[in-house]
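Next up, structure-v8.tsv (TSV, C-alpha atoms):
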```
chain	number	residue	atom	x	y	z
A	731	LEU	CA	-12.21	1.61	19.05
A	732	SER	CA	-8.53	1.05	18.21
A	733	HIS	CA	-9.62	-1.01	15.17
A	734	ARG	CA	-11.72	1.93	13.93
A	735	LEU	CA	-8.87	4.38	14.51
A	736	SER	CA	-6.41	2.28	12.55
A	737	LYS	CA	-8.94	2.05	9.71
A	738	CYS	CA	-9.29	5.85	9.74
A	739	ARG	CA	-5.55	6.27	9.44
A	740	LEU	CA	-5.50	4.00	6.40
A	741	LEU	CA	-8.27	5.94	4.70
A	742	MET	CA	-6.91	9.42	5.41
A	743	PRO	CA	-5.67	10.75	2.06
A	744	SER	CA	-2.62	12.90	1.56
A	745	TYR	CA	-2.91	16.21	-0.24
A	746	HIS	CA	-2.06	16.09	-3.94
A	747	SER	CA	-1.40	19.06	-6.15
A	748	GLN	CA	-4.43	20.53	-7.84
A	749	GLN	CA	-2.24	21.11	-10.88
A	750	ASN	CA	-1.86	17.40	-11.68
A	751	GLY	CA	-3.50	16.56	-14.97
A	752	VAL	CA	-2.87	20.02	-16.41
A	753	SER	CA	-0.34	20.02	-19.22
A	754	PHE	CA	2.91	21.76	-18.28
A	755	PRO	CA	6.42	21.34	-19.66
A	756	SER	CA	8.56	19.09	-17.48
A	757	LEU	CA	12.18	18.70	-16.48
A	758	CYS	CA	13.30	15.29	-15.22
A	759	GLY	CA	9.64	14.33	-14.77
A	760	CYS	CA	8.87	17.37	-12.60
A	761	ALA	CA	6.26	19.75	-14.00
A	762	VAL	CA	7.54	23.30	-14.53
A	763	LEU	CA	4.62	25.06	-12.89
A	764	PRO	CA	3.77	28.76	-12.87
A	765	VAL	CA	5.07	30.56	-9.76
A	766	ARG	CA	4.49	34.04	-8.34
A	767	THR	CA	8.09	35.10	-7.94
A	768	GLY	CA	10.61	37.78	-8.69
A	769	PHE	CA	13.49	35.29	-8.73
A	770	PRO	CA	15.00	34.34	-12.08
A	771	GLY	CA	14.36	30.87	-13.43
A	772	PRO	CA	12.40	28.85	-15.95
A	773	ALA	CA	9.03	28.93	-14.13
A	774	PRO	CA	6.38	31.00	-15.92
A	775	SER	CA	4.53	33.67	-13.96
A	776	ALA	CA	1.43	32.56	-12.05
A	777	GLY	CA	-0.02	36.05	-11.88
A	778	ASP	CA	-2.21	36.30	-8.77
A	779	ALA	CA	-3.30	32.65	-8.83
A	780	GLU	CA	-2.40	30.12	-6.15
A	781	ASP	CA	0.83	28.41	-7.15
A	782	ILE	CA	2.73	25.27	-6.15
A	783	VAL	CA	4.56	27.11	-3.34
A	784	ASP	CA	1.19	28.11	-1.84
A	785	GLU	CA	-0.02	24.52	-2.17
A	786	ALA	CA	3.13	23.13	-0.53
A	787	LEU	CA	2.95	25.55	2.41
A	788	LYS	CA	-0.77	24.91	2.87
A	789	ALA	CA	-0.40	21.11	2.71
A	790	PHE	CA	2.87	20.79	4.61
A	791	ARG	CA	1.48	20.29	8.11
A	792	TRP	CA	-0.66	17.33	7.11
A	793	ASN	CA	1.52	15.81	4.34
A	794	ILE	CA	4.57	15.74	6.61
A	795	LEU	CA	2.79	13.10	8.70
A	796	PHE	CA	2.69	10.57	5.86
A	797	LYS	CA	5.22	7.79	5.43
A	798	ASN	CA	4.00	7.07	1.88
A	799	PHE	CA	2.91	9.38	-0.91
A	800	GLU	CA	1.51	8.25	-4.23
A	801	VAL	CA	2.76	10.56	-6.97
A	802	LEU	CA	-0.07	11.24	-9.41
A	803	GLY	CA	1.81	13.51	-11.81
A	804	GLY	CA	4.61	15.98	-12.41
A	805	ALA	CA	3.01	18.58	-10.12
A	806	ASP	CA	3.14	16.07	-7.25
A	807	ARG	CA	6.90	15.71	-7.82
A	808	ALA	CA	7.26	19.45	-7.27
A	809	LEU	CA	5.00	19.21	-4.21
A	810	VAL	CA	7.06	16.36	-2.72
A	811	TYR	CA	10.31	18.25	-3.37
A	812	LEU	CA	8.92	21.39	-1.73
A	813	THR	CA	7.64	19.41	1.25
A	814	LEU	CA	11.18	18.10	1.83
A	815	TRP	CA	12.59	21.59	1.30
A	816	ILE	CA	10.16	23.14	3.81
A	817	GLN	CA	11.04	20.45	6.35
A	818	HIS	CA	14.73	21.18	5.79
A	819	CYS	CA	14.15	24.93	6.21
A	820	ILE	CA	12.32	24.38	9.49
A	821	ALA	CA	15.13	22.14	10.79
A	822	VAL	CA	17.74	24.77	9.86
A	823	ALA	CA	15.71	27.71	11.22
A	824	ASP	CA	15.18	25.81	14.48
A	825	GLN	CA	18.89	26.35	15.20
A	826	PHE	CA	18.33	30.13	15.40
A	827	GLN	CA	16.45	32.34	17.80
A	828	THR	CA	15.88	35.34	15.55
A	829	LEU	CA	14.28	35.91	12.18
A	830	GLU	CA	17.37	37.67	10.80
A	831	GLU	CA	19.71	34.79	11.70
A	832	ALA	CA	17.32	32.28	10.11
A	833	ARG	CA	16.80	34.49	7.03
A	834	LYS	CA	20.52	34.85	6.41
A	835	SER	CA	21.11	31.11	6.69
A	836	LEU	CA	18.10	30.03	4.62
A	837	GLU	CA	18.62	32.55	1.83
A	838	SER	CA	22.21	31.38	1.52
A	839	LEU	CA	21.14	27.74	1.56
A	840	ALA	CA	18.41	28.28	-1.07
A	841	THR	CA	20.98	29.51	-3.60
A	842	SER	CA	23.65	26.98	-2.62
A	843	ASP	CA	24.93	24.26	-4.90
A	844	ARG	CA	25.22	21.99	-1.84
A	845	ILE	CA	21.55	20.97	-2.12
A	846	PRO	CA	21.40	17.76	-4.19
A	847	ASN	CA	19.47	17.91	-7.46
A	848	PRO	CA	18.14	15.17	-9.77
A	849	GLY	CA	21.11	13.24	-11.11
A	850	ASP	CA	23.34	14.16	-8.15
A	851	GLN	CA	24.54	11.49	-5.78
A	852	GLY	CA	22.52	11.69	-2.57
A	853	PHE	CA	19.38	13.15	-4.17
A	854	PRO	CA	16.67	11.58	-1.97
A	855	LEU	CA	13.97	11.63	-4.66
A	856	ALA	CA	15.95	9.85	-7.37
A	857	ALA	CA	13.22	7.20	-7.63
A	858	LEU	CA	10.58	9.88	-8.41
A	859	PHE	CA	12.54	12.02	-10.86
A	860	THR	CA	13.79	10.79	-14.21
A	861	ALA	CA	17.42	11.26	-15.22
A	862	SER	CA	18.14	14.30	-17.36
A	863	THR	CA	18.58	13.55	-21.04
A	864	SER	CA	20.83	16.53	-21.75
A	865	ALA	CA	23.06	19.09	-20.08
A	866	GLU	CA	20.41	21.70	-20.92
A	867	GLU	CA	17.69	19.76	-19.06
A	868	ASN	CA	20.06	19.24	-16.12
A	869	GLN	CA	20.75	22.98	-15.88
A	870	GLY	CA	17.03	23.73	-16.33
A	871	VAL	CA	15.91	21.49	-13.47
A	872	LYS	CA	18.61	22.91	-11.20
A	873	ALA	CA	17.49	26.46	-12.01
A	874	TYR	CA	13.82	25.57	-11.50
A	875	LEU	CA	14.36	23.89	-8.12
A	876	LYS	CA	16.57	26.81	-7.02
A	877	GLN	CA	13.82	29.24	-8.02
A	878	LEU	CA	11.27	27.20	-6.02
A	879	ARG	CA	13.59	27.08	-2.98
A	880	GLN	CA	14.18	30.83	-3.03
A	881	GLU	CA	10.49	31.70	-3.31
A	882	THR	CA	9.56	29.18	-0.62
A	883	VAL	CA	12.02	30.73	1.85
A	884	VAL	CA	10.52	34.19	1.26
A	885	ARG	CA	7.01	32.90	2.00
A	886	LEU	CA	7.93	30.48	4.80
A	887	LEU	CA	9.89	32.88	7.02
A	888	PRO	CA	6.86	35.04	7.98
A	889	ALA	CA	5.05	31.86	9.08
A	890	LEU	CA	8.04	30.64	11.11
A	891	PHE	CA	8.65	34.01	12.78
A	892	PRO	CA	5.39	35.99	12.87
A	893	GLU	CA	6.08	39.43	14.33
A	894	GLY	CA	9.71	38.31	14.79
A	895	GLN	CA	8.83	35.59	17.30
A	896	ARG	CA	9.32	31.84	16.80
A	897	ASN	CA	6.08	30.03	15.92
A	898	LYS	CA	5.92	26.85	18.00
A	899	TRP	CA	3.20	25.43	15.74
A	900	TRP	CA	5.62	25.31	12.82
A	901	PHE	CA	8.78	24.47	14.72
A	902	GLN	CA	7.18	21.36	16.19
A	903	PHE	CA	7.85	19.78	12.77
A	904	SER	CA	11.60	20.46	12.86
A	905	LYS	CA	12.50	16.83	13.50
A	906	LYS	CA	9.67	15.21	11.55
A	907	LYS	CA	10.54	13.42	8.32
A	908	PHE	CA	8.33	13.23	5.24
A	909	MET	CA	8.35	9.64	3.90
A	910	ASN	CA	11.31	9.01	6.26
A	911	MET	CA	13.51	11.23	4.05
A	912	VAL	CA	15.46	14.43	4.43
A	913	LEU	CA	16.63	16.66	1.61
A	914	GLN	CA	19.98	17.21	3.29
A	915	LYS	CA	21.22	17.05	6.87
A	916	PRO	CA	20.93	20.53	8.40
```
Turn this file's structure into structure tokens for me.
Amino acid sequence: LSHRLSKCRLLMPSYHSQQNGVSFPSLCGCAVLPVRTGFPGPAPSAGDAEDIVDEALKAFRWNILFKNFEVLGGADRALVYLTLWIQHCIAVADQFQTLEEARKSLESLATSDRIPNPGDQGFPLAALFTASTSAEENQGVKAYLKQLRQETVVRLLPALFPEGQRNKWWFQFSKKKFMNMVLQKP
């Protein structure tokens, strides 16, 4: 039985973005995908379609369990980044008892320059992202990742605090690491 279980674990696939293989512009190897957002940034509008933030939130609770993740395209780079960002948000929000305290902290953090970006020392995904080739690309990727962080916080908070109460099913992942990495220490 244990032999069959270990085989099942090896065969269990991680969730990859459904937007891999579709042609999108990229910044530092990360696809600039359409996003449903009101925040300024380089991402085009997704209209009413499911976007990368939806995919990341939907896939988080099973992808977080993986120690390895094979990147299949630029959309997967965005998915990996958002998975680390969601994990970081949960770890930070776990320090607070109320939705308003968590919201204030996470909204501030999402716009902060303290979060490492591609090309910055301490960026945990340096092996997955390419170095920027210009100052314009560097500013573009920073703006895009900031836009993704802001939109993710807006959509994640209702899941973390439904009806203003902490959701134990999400907070159980507060100490879990995706691929043994953290975006930044909370």
Query raised in the report: Hey, which of A:Phe859, A:Tyr745, A:Leu763, A:Ala776 ends up closest to Phe796 of chain A? Count all atoms listed in the file.
Result: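 Closest to Phe796 of chain A of all the choices is A:Tyr745.
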Between segment 762-866 of chain A and segment 885-903 of chain A, at 10 Å or less, what are the per-residue closest atom pairs and their distances in Å? Count only C-alpha atoms, order by chain and rising residue number, and return it as JSON lines.
```
{"residue": "A:Val783", "atom": "CA", "partner": "A:Arg885", "partner_atom": "CA", "distance": 8.2}
{"residue": "A:Asp784", "atom": "CA", "partner": "A:Arg885", "partner_atom": "CA", "distance": 8.5}
{"residue": "A:Leu787", "atom": "CA", "partner": "A:Leu886", "partner_atom": "CA", "distance": 7.4}
{"residue": "A:Phe790", "atom": "CA", "partner": "A:Phe903", "partner_atom": "CA", "distance": 9.6}
{"residue": "A:Arg791", "atom": "CA", "partner": "A:Phe903", "partner_atom": "CA", "distance": 7.9}
{"residue": "A:Ile794", "atom": "CA", "partner": "A:Phe903", "partner_atom": "CA", "distance": 8.1}
{"residue": "A:Leu795", "atom": "CA", "partner": "A:Phe903", "partner_atom": "CA", "distance": 9.3}
{"residue": "A:Ile816", "atom": "CA", "partner": "A:Leu886", "partner_atom": "CA", "distance": 7.7}
{"residue": "A:Gln817", "atom": "CA", "partner": "A:Phe903", "partner_atom": "CA", "distance": 7.2}
{"residue": "A:His818", "atom": "CA", "partner": "A:Phe903", "partner_atom": "CA", "distance": 9.9}
{"residue": "A:Cys819", "atom": "CA", "partner": "A:Leu886", "partner_atom": "CA", "distance": 8.5}
{"residue": "A:Ile820", "atom": "CA", "partner": "A:Phe901", "partner_atom": "CA", "distance": 6.3}
{"residue": "A:Ala821", "atom": "CA", "partner": "A:Phe901", "partner_atom": "CA", "distance": 7.8}
{"residue": "A:Ala823", "atom": "CA", "partner": "A:Leu890", "partner_atom": "CA", "distance": 8.2}
{"residue": "A:Asp824", "atom": "CA", "partner": "A:Phe901", "partner_atom": "CA", "distance": 6.5}
{"residue": "A:Phe826", "atom": "CA", "partner": "A:Arg896", "partner_atom": "CA", "distance": 9.3}
{"residue": "A:Gln827", "atom": "CA", "partner": "A:Arg896", "partner_atom": "CA", "distance": 7.2}
{"residue": "A:Thr828", "atom": "CA", "partner": "A:Gly894", "partner_atom": "CA", "distance": 6.9}
{"residue": "A:Leu829", "atom": "CA", "partner": "A:Gly894", "partner_atom": "CA", "distance": 5.8}
{"residue": "A:Glu830", "atom": "CA", "partner": "A:Gly894", "partner_atom": "CA", "distance": 8.7}
{"residue": "A:Ala832", "atom": "CA", "partner": "A:Leu887", "partner_atom": "CA", "distance": 8.1}
{"residue": "A:Arg833", "atom": "CA", "partner": "A:Leu887", "partner_atom": "CA", "distance": 7.1}
{"residue": "A:Leu836", "atom": "CA", "partner": "A:Leu887", "partner_atom": "CA", "distance": 9.0}
```
Query raised in the report: If we count only C-alpha atoms, what is near Lys797 of chain A at a cut-off of 9 Å, once residues fewer than 6 positions away on the same chain are taken out, given as number ranges by chain?
Result: A: 907-910
Query raised in the report: What is the distance between atom CA of Ile782 of chain A and atom CA of Val762 of chain A, in Å to one decimal?
Result: 9.9 Å
Requested in this report: Just give me the gap between atom CA of Val822 of chain A and atom CA of Gln914 of chain A in Å, one decimal is fine.
Outcome: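 The value is 10.3 Å.
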**Report entry** Polymer residues at most 12 Å from Lys876 of chain A, only C-alpha atoms, same-chain spacing of 4 or more positions, as a ChimeraX atom specification
**Finding:** /A:767,769-773,808,811-812,815,837-847,869-872,880-883
Query raised in the report: So how many Å separate atom CA of Asp781 of chain A and atom CA of Val765 of chain A, to one decimal?
Result: 5.4 Å
Query raised in the report: Which residue, A:Arg766, A:Cys758, A:Val801, A:Ser775, has the smallest gap to His746 of chain A when you use all atoms listed in the file?
Result: A:Val801
With all atoms of segment 803-817 of chain A from the file as input, state the centre and edge lengths in Å to one decimal of the axis-aligned box that has 8 Å extra on each side, as AutoDock Vina command-line options.
```
--center_x 7.2 --center_y 18.3 --center_z -3.0 --size_x 26.8 --size_y 25.6 --size_z 34.8
```
Query raised in the report: Looking at all atoms listed in the file, which of A:Ala805, A:Ala789, A:Val810, A:Ala779 is the one that sits closest to Gly751 of chain A?
Result: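 Ranked by minimum distance to Gly751 of chain A, first place goes to A:Ala805.
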Requested in this report: Using only C-alpha atoms, find the one residue out of A:Gln877, A:Thr860, A:Asn868, A:Asn798 that sits nearest to Cys760 of chain A.
Outcome: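 Comparing A:Gln877, A:Thr860, A:Asn868, A:Asn798 against Cys760 of chain A, the winner is A:Thr860.
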